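For reference, the structure is listed below as structure tokens.
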Amino acid sequence: MLLTITARRSEALATPGDLGFLLHKHPDKVQSFGVYAGTAHVFYPQVSADACTAALLLEVDPVALVRGRSGRSDAFALGHYVNDRPYVASSLLAVAMGKVFRSALNGQCVGYEDLVESPLDLTISLPTVPGEPDLVRRLFAPLGWDIQAEPIAFDATRPEWGAAPLVSLTLTGSVRLADALSHLYVLLPVLDEAKHYWVGQDEVDKLLRAGEGWLPSHPERDLIAHRSLAGQRDLRENALTRLAELDDRTRENGRDDAVGTDEAASPRPLVRVRHDAVLKVVRDLAPVSIADVGCGSGALLGGLLKVQGVARVIGTEVSDIALSTAATRLNVDSMTERQADRLSLLRSSLMYEDERLADLDMAILMEVIEHVDPDRLPAVVRNVFGAMRPRHVVITTPNVEYNVHYPALATGGFRHSDHRFEWTREQFQTWAHSVARAHEYQVDFRPVGEADPQVGPPTQMAVFSRSAPVEVPA
């Protein structure tokens with residue numbers, strides 16, 4: 001199987017031969033490397049003043065592949081030896097890239113740091129890639145590539161047989177080399193959907209590392225996670241939970257997203273500002289027992305445990321994987337007995353009454369309600385304000401008016417693919433007042449993040465109290 005990467009002369013790359021420095025492979029040499037089930041060769045078919053092409057040729061030893069196989073079995077025994085694995089770009093090529101181009105994939109090149117961070121005019125060619133043209137476009141187009149995906153016929157002499165589930169792929173774009181390599185490293189196994197190695201928990205960490213910066217916001221991230229993790233439900237849910245949290249940070253806290261926000265003057269990301277705003281309310285209201293309802297991977301729980309006077313912290317989620325991730329994040333296994341007694345991680349749904357959550361001082365729903373279908377939101381209200389009925393309820397949710405400051409959302413859409421709605425300030429306050437009246441609470445509203453004079457803050461907060469309203473300093 002063959003991969004070629006061509007870099008053309010541009011403002012960033014005045015000398016195309018510098019591609020060799022970025023790849024850490026000399027253009028005047030043919031270099032060979034032993035990789036899983038074969039040998040990878042790196043050479044340069046073209047080096048000129050206008051363009052430089054690096055090629056990675058992977059020779060697969062079918063016998064070695066069978067001897068070392070631990071992935072999905074072929075449909076019949078002969079299929080171990082007679083198949084398209086030596087010719088079709090797959091997880092084998094991704095693994096070879098990870099070894100041969102490791103430094104370039106990690107964005108490491110001493111002396112060329114500026115070039116590492118610069119988009120290059122690249123053309124990437126793969127003669128044979130598994131998948132339908134539409135799937136290839138869905139995976140690569142959101143990453144900024146111009147795509148040519150030409151179907152490959154089963155047999156050119158028998159047109160009636162139609163096309164094979166393969167394409168000849170050419171990607172063209174202005175992309176950082178490290179990003180281009182990471183796109184291929186993650187997405188080739190997704191197209192292949194037949195990894196040649198065992199997929200375990202460490203594959204989730206590898207997927208998130210390799211897709212850092214682009215995978216959390218990719219519109220096909222669910223499909224990518226499903227195929228990358230061999231369809232294993234627990235691993236997929238773990239990956240999607242962590243990707244959703246990363247997407248929160250990426251969409252809300254990218255340096256270029258918040259118009260009028262100076263990175264040096266305001267170094268804290270919005271997710272941190274939101275946590276700090278909630279923790280400030282906790283300190284001001286001094287609850288003894290708190291439930292973080294819909295705690296996700298436990299990002300807020302650690303802060304709640306540090307608040308003086310809080311004796312009991314409960315984190316709830318419907319996903320066992322999310323609770324397991326939270327336990328790992330909080331190092332529950334290494335907690336002292338006294339520390340562990342203060343924390344409970346419970347599988348519980350917002351839709352149903354849970355007596356374990358009754359008689360608490362505070363319930364926190366941080367960025368939760370917008371993930372609930374509108375027709376199911378009344379059930380959540382009845383459960384939280386009617387059955388649980390804590391002394392205080394803190395709710396945060398995005399302010400959809402502020403989305404004009406996010407370029408990706410300028411023409412519409414929500415901050416997360418899982419959001420069922422996002423409210424204006426008027427909509428949120430109208431809803432909150434109606435909830436407070438129906439359940440005998442007082443409600444106070446607080447901005448979270450720097451407010452824009454026209455559209456308000458990025459996040460809005462409502463603090464409900466069953467007793468007389470408590471003054472919460474802004």
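Just remember, in the structure tokens the first chain shown is A, the second B, etc., residues are 1-based per chain, and ligands are 1-based in the order shown.
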
Exercise. Could you name the residues that touch stretch 418-433 of chain A at 8 Å or less, counting only C-alpha atoms, but leaving out those on the same chain fewer than 6 positions away, as a VMD selection string?
Worked result: chain A and resid 370 to 374 397 to 401 443 445 456 460 462

File of the preceding selection, C-alpha atoms, as a compact mmCIF listing (two decimals), in the first residue's frame:
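The resulting file, selection.txt, is reproduced below:
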```
# COMPACT_ATOMS: atom_id res chain seq x y z
CA GLU A 370 -30.16 21.75 27.40
CA HIS A 371 -29.39 18.04 26.88
CA VAL A 372 -33.00 17.12 27.78
CA ASP A 373 -35.75 16.94 25.15
CA PRO A 374 -38.18 19.84 25.77
CA THR A 397 -27.17 26.80 30.60
CA PRO A 398 -25.76 28.44 27.46
CA ASN A 399 -27.02 31.83 26.37
CA VAL A 400 -27.87 31.29 22.70
CA GLU A 401 -27.70 35.03 22.03
CA VAL A 443 -34.91 32.73 41.97
CA PHE A 445 -30.05 35.30 38.06
CA GLY A 456 -25.22 39.25 27.44
CA GLN A 460 -26.53 32.18 32.28
CA ALA A 462 -30.26 30.74 38.00
```

For this session: Apply DSSP to the backbone of this structure and, from stretch 84-288 of chain A, keep only the residues in strand (DSSP E); write these as a PyMOL selection string.
Result: chain A and resi 120-130+146-153+163-175

Which residues of stretch 97-145 of chain A have any atom within 7 Å of an atom in stretch 175-183 of chain A when counting only C-alpha atoms, and what is the closest pair of atoms for each, with the distance in Å to one decimal? Order the rows by chain and rising number and write it as a tab-separated table.
```
residue	atom	partner	partner_atom	distance
A:Ala104	CA	A:Ala178	CA	5.7
A:Leu105	CA	A:Ala178	CA	4.7
A:Asn106	CA	A:Ala178	CA	6.4
A:Gly107	CA	A:Ala178	CA	5.3
A:Val116	CA	A:Arg176	CA	6.8
A:Glu117	CA	A:Arg176	CA	6.3
A:Ser118	CA	A:Arg176	CA	5.7
A:Pro119	CA	A:Arg176	CA	4.2
A:Leu120	CA	A:Val175	CA	5.3
A:Asp121	CA	A:Val175	CA	6.8
A:Leu122	CA	A:Val175	CA	6.9
```

Selection export as a compact mmCIF listing (two decimals), in the first residue's frame, atoms kept: N, CA and C atoms:
```txt
# COMPACT_ATOMS: atom_id res chain seq x y z
N ALA A 104 6.88 13.78 13.41
CA ALA A 104 6.06 14.69 12.61
C ALA A 104 4.61 14.66 13.07
N LEU A 105 4.12 13.47 13.42
CA LEU A 105 2.75 13.34 13.91
C LEU A 105 2.55 14.11 15.21
N ASN A 106 3.59 14.16 16.03
CA ASN A 106 3.52 14.87 17.31
C ASN A 106 3.89 16.35 17.18
N GLY A 107 4.19 16.80 15.96
CA GLY A 107 4.52 18.20 15.76
C GLY A 107 5.87 18.59 16.33
N VAL A 116 6.47 24.07 11.65
CA VAL A 116 5.57 23.05 12.20
C VAL A 116 4.17 23.61 12.40
N GLU A 117 4.08 24.87 12.84
CA GLU A 117 2.80 25.49 13.15
C GLU A 117 2.14 26.14 11.95
N SER A 118 2.81 26.11 10.79
CA SER A 118 2.28 26.80 9.60
C SER A 118 1.51 25.83 8.71
N PRO A 119 0.35 26.26 8.18
CA PRO A 119 -0.34 25.44 7.18
C PRO A 119 0.49 25.35 5.90
N LEU A 120 0.59 24.17 5.34
CA LEU A 120 1.32 23.94 4.11
C LEU A 120 0.34 23.59 3.00
N ASP A 121 0.72 23.90 1.76
CA ASP A 121 -0.10 23.51 0.61
C ASP A 121 0.21 22.05 0.29
N LEU A 122 -0.66 21.16 0.73
CA LEU A 122 -0.40 19.73 0.66
C LEU A 122 -1.35 19.03 -0.29
```

Seminar exercise, completed: In terms of only C-alpha atoms, the residue from A:Ala156, A:Ala387, A:Ile124, A:Leu343 at minimal distance from A:Gly173 is A:Ile124

Exercise. Per DSSP on the backbone, what are the helix (DSSP H, G or I) residues of stretch 173-364 of chain A, as a PyMOL selection string?
Worked result: chain A and resi 177-192+202-210+221-228+233-253+270-285+301-305+320-329+332-334+337-342+355-357

Residue selection dump (C-alpha atoms) as a CSV table (one decimal), in the first residue's frame:
```
chain,number,residue,atom,x,y,z
A,177,LEU,CA,1.6,18.6,8.4
A,178,ALA,CA,1.0,17.3,11.9
A,179,ASP,CA,-2.8,17.8,11.5
A,180,ALA,CA,-2.7,16.1,8.1
A,181,LEU,CA,-1.0,13.1,9.5
A,182,SER,CA,-3.3,12.9,12.5
A,183,HIS,CA,-6.3,13.0,10.2
A,184,LEU,CA,-5.0,10.0,8.3
A,185,TYR,CA,-3.8,8.2,11.5
A,186,VAL,CA,-7.3,8.3,13.0
A,187,LEU,CA,-9.6,8.1,9.9
A,188,LEU,CA,-7.9,5.3,7.9
A,189,PRO,CA,-8.8,2.7,10.5
A,190,VAL,CA,-12.3,4.2,10.6
A,191,LEU,CA,-12.7,3.5,6.8
A,192,ASP,CA,-11.0,0.1,7.2
A,202,ASP,CA,-5.9,2.1,26.0
A,203,GLU,CA,-7.4,2.6,22.5
A,204,VAL,CA,-9.7,5.3,23.9
A,205,ASP,CA,-6.8,7.3,25.2
A,206,LYS,CA,-4.9,6.9,21.9
A,207,LEU,CA,-7.9,8.0,19.9
A,208,LEU,CA,-8.3,11.2,22.0
A,209,ARG,CA,-4.6,12.0,21.9
A,210,ALA,CA,-4.5,11.5,18.1
A,221,ARG,CA,-17.4,11.9,15.9
A,222,ASP,CA,-19.9,9.3,17.0
A,223,LEU,CA,-19.3,7.2,13.9
A,224,ILE,CA,-15.5,7.7,14.3
A,225,ALA,CA,-15.6,6.5,17.9
A,226,HIS,CA,-17.8,3.5,17.1
A,227,ARG,CA,-15.6,2.2,14.3
A,228,SER,CA,-12.3,3.1,15.9
A,233,ARG,CA,-20.3,-0.1,23.5
A,234,ASP,CA,-18.5,0.6,26.8
A,235,LEU,CA,-15.4,2.0,25.1
A,236,ARG,CA,-17.5,4.1,22.8
A,237,GLU,CA,-19.5,5.6,25.6
A,238,ASN,CA,-16.3,6.4,27.5
A,239,ALA,CA,-14.8,8.1,24.4
A,240,LEU,CA,-18.0,10.1,23.6
A,241,THR,CA,-18.3,11.3,27.2
A,242,ARG,CA,-14.7,12.6,27.2
A,243,LEU,CA,-15.1,14.0,23.7
A,244,ALA,CA,-18.2,15.9,24.7
A,245,GLU,CA,-16.3,17.5,27.6
A,246,LEU,CA,-13.4,18.4,25.2
A,247,ASP,CA,-15.9,19.8,22.7
A,248,ASP,CA,-17.3,22.1,25.4
A,249,ARG,CA,-13.8,23.5,25.9
A,250,THR,CA,-13.0,23.7,22.2
A,251,ARG,CA,-16.2,25.4,21.1
A,252,GLU,CA,-16.4,27.8,24.0
A,253,ASN,CA,-12.8,28.6,24.7
A,270,LEU,CA,-15.1,29.6,30.0
A,271,VAL,CA,-15.4,26.1,31.4
A,272,ARG,CA,-13.2,27.2,34.3
A,273,VAL,CA,-15.0,30.5,34.7
A,274,ARG,CA,-18.3,28.5,34.9
A,275,HIS,CA,-16.9,26.1,37.5
A,276,ASP,CA,-15.6,29.0,39.6
A,277,ALA,CA,-19.0,30.8,39.4
A,278,VAL,CA,-20.8,27.7,40.7
A,279,LEU,CA,-18.2,27.2,43.4
A,280,LYS,CA,-18.6,30.8,44.5
A,281,VAL,CA,-22.4,30.3,45.0
A,282,VAL,CA,-21.6,27.1,47.0
A,283,ARG,CA,-19.3,29.0,49.3
A,284,ASP,CA,-21.8,31.9,49.7
A,285,LEU,CA,-24.7,29.6,50.5
A,301,LEU,CA,-16.8,17.2,41.9
A,302,GLY,CA,-13.2,17.8,42.9
A,303,GLY,CA,-13.8,21.5,43.5
A,304,LEU,CA,-16.9,20.8,45.6
A,305,LEU,CA,-14.9,18.4,47.8
A,320,ASP,CA,-21.6,3.7,34.3
A,321,ILE,CA,-18.8,4.6,32.0
A,322,ALA,CA,-19.1,8.3,33.0
A,323,LEU,CA,-19.1,7.4,36.7
A,324,SER,CA,-16.1,5.2,36.2
A,325,THR,CA,-14.3,8.0,34.5
A,326,ALA,CA,-15.2,10.3,37.3
A,327,ALA,CA,-13.8,7.8,39.9
A,328,THR,CA,-10.6,7.6,38.0
A,329,ARG,CA,-10.3,11.4,37.6
A,332,VAL,CA,-11.2,7.4,44.4
A,333,ASP,CA,-9.1,4.2,44.8
A,334,SER,CA,-6.4,6.1,46.6
A,337,GLU,CA,-11.6,6.3,54.2
A,338,ARG,CA,-12.6,9.7,55.6
A,339,GLN,CA,-12.3,11.2,52.1
A,340,ALA,CA,-14.2,8.4,50.5
A,341,ASP,CA,-17.1,8.7,53.0
A,342,ARG,CA,-17.7,12.3,51.8
A,355,GLU,CA,-34.8,8.7,47.5
A,356,ARG,CA,-31.0,8.8,47.9
A,357,LEU,CA,-31.2,12.4,46.6
```

Problem set entry | Exercise: A:Ala379 partners within 12 Å, only C-alpha atoms, chain neighbours under 2 positions left out, as a VMD selection string | chain A and resid 349 to 353 369 372 to 377 381 to 387 435

Grab the residues selected above and save them as a tab-separated table (two decimals), in the first residue's frame with N, CA and C atoms.
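Output contents, as saved in out_32.tsv:
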```
chain	number	residue	atom	x	y	z
A	349	SER	N	-31.10	8.69	37.18
A	349	SER	CA	-31.64	9.46	36.06
A	349	SER	C	-32.42	10.66	36.57
A	350	LEU	N	-32.27	11.77	35.86
A	350	LEU	CA	-33.02	12.98	36.19
A	350	LEU	C	-34.53	12.79	36.02
A	351	MET	N	-34.92	11.81	35.24
A	351	MET	CA	-36.34	11.62	34.92
A	351	MET	C	-37.13	10.93	36.03
A	352	TYR	N	-36.42	10.27	36.95
A	352	TYR	CA	-37.12	9.43	37.93
A	352	TYR	C	-36.70	9.79	39.35
A	353	GLU	N	-37.65	9.64	40.27
A	353	GLU	CA	-37.38	9.93	41.67
A	353	GLU	C	-36.34	8.96	42.22
A	369	ILE	N	-29.67	20.92	31.51
A	369	ILE	CA	-31.04	20.94	31.02
A	369	ILE	C	-31.11	21.00	29.50
A	372	VAL	N	-31.73	17.82	27.55
A	372	VAL	CA	-33.00	17.12	27.78
A	372	VAL	C	-34.00	17.55	26.71
A	373	ASP	N	-34.71	16.59	26.13
A	373	ASP	CA	-35.75	16.94	25.15
A	373	ASP	C	-36.79	17.83	25.82
A	374	PRO	N	-37.24	18.90	25.14
A	374	PRO	CA	-38.18	19.84	25.77
A	374	PRO	C	-39.43	19.18	26.35
A	375	ASP	N	-39.94	18.14	25.70
A	375	ASP	CA	-41.16	17.51	26.22
A	375	ASP	C	-40.89	16.67	27.46
A	376	ARG	N	-39.62	16.44	27.78
A	376	ARG	CA	-39.28	15.68	28.99
A	376	ARG	C	-38.79	16.59	30.11
A	377	LEU	N	-38.62	17.86	29.80
A	377	LEU	CA	-38.13	18.79	30.81
A	377	LEU	C	-39.08	18.94	32.00
A	381	VAL	N	-38.18	18.82	36.09
A	381	VAL	CA	-38.58	19.85	37.06
A	381	VAL	C	-39.32	19.21	38.23
A	382	ARG	N	-40.26	18.32	37.93
A	382	ARG	CA	-41.02	17.67	39.01
A	382	ARG	C	-40.10	16.87	39.92
A	383	ASN	N	-39.10	16.21	39.33
A	383	ASN	CA	-38.20	15.39	40.13
A	383	ASN	C	-37.29	16.26	41.01
A	384	VAL	N	-36.68	17.28	40.40
A	384	VAL	CA	-35.71	18.09	41.14
A	384	VAL	C	-36.41	18.99	42.16
A	385	PHE	N	-37.42	19.72	41.72
A	385	PHE	CA	-38.05	20.71	42.60
A	385	PHE	C	-39.20	20.14	43.42
A	386	GLY	N	-39.73	18.98	43.00
A	386	GLY	CA	-40.83	18.39	43.74
A	386	GLY	C	-40.41	17.25	44.63
A	387	ALA	N	-39.69	16.25	44.06
A	387	ALA	CA	-39.30	15.07	44.84
A	387	ALA	C	-38.03	15.32	45.65
A	435	VAL	N	-41.04	28.02	37.08
A	435	VAL	CA	-40.66	26.90	37.95
A	435	VAL	C	-40.67	27.35	39.41
```

Exercise. Can you tell me, as an NGL selection string, what residues are no more than 9 Å from A:Trp145 when counting only C-alpha atoms, ignoring any on the same chain fewer than 2 positions away?
Worked result: :A and (137 or 140-143 or 147 or 171-175)

Problem set entry | For A:Ile364, the nearest of the candidates A:Leu93, A:Val129, A:Ala291, A:Ala149, counting only C-alpha atoms |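 The closest residue to A:Ile364 is A:Ala291.
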
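For A:Asp50, the non-local neighbours within 12 Å, defined as residues at least 5 positions apart in the same chain or in other chains and counting only C-alpha atoms, are Thr6, Ala7, Arg8, Arg9, Ser10, Glu11, Leu13, Ala14, Thr15, Pro16, Gly17, Asp18 and Asp121 of chain A.
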
Take the residues just selected and output them with C-alpha atoms as a PDB file, in the first residue's frame.
```pdb
ATOM      1  CA  THR A   6       3.362  16.476  -1.752  1.00  0.00           C
ATOM      2  CA  ALA A   7       4.226  19.919  -0.378  1.00  0.00           C
ATOM      3  CA  ARG A   8       4.281  22.834  -2.820  1.00  0.00           C
ATOM      4  CA  ARG A   9       6.173  26.095  -2.651  1.00  0.00           C
ATOM      5  CA  SER A  10       4.206  28.673  -0.680  1.00  0.00           C
ATOM      6  CA  GLU A  11       4.640  31.643   1.608  1.00  0.00           C
ATOM      7  CA  LEU A  13       7.304  26.750   2.629  1.00  0.00           C
ATOM      8  CA  ALA A  14       9.734  28.690   0.453  1.00  0.00           C
ATOM      9  CA  THR A  15      11.926  25.590   0.132  1.00  0.00           C
ATOM     10  CA  PRO A  16       9.740  22.492  -0.466  1.00  0.00           C
ATOM     11  CA  GLY A  17      12.675  20.252   0.462  1.00  0.00           C
ATOM     12  CA  ASP A  18      12.123  21.299   4.069  1.00  0.00           C
ATOM     13  CA  ASP A 121      -0.096  23.515   0.607  1.00  0.00           C
TER      14      ASP A 121
END
```

Problem set entry | Residue with smallest distance to A:Thr53 - pool A:Ala311, A:His392, A:Ile5, A:Glu150, counting only C-alpha atoms |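 Ranked by minimum distance to A:Thr53, first place goes to A:Ile5.
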
For this session: For atom CA of A:Thr336 and atom CA of A:Leu360, determine how far apart the two atoms are, in Å to one decimal place.
Result: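 Separation of atom CA of A:Thr336 and atom CA of A:Leu360: 23.9 Å.
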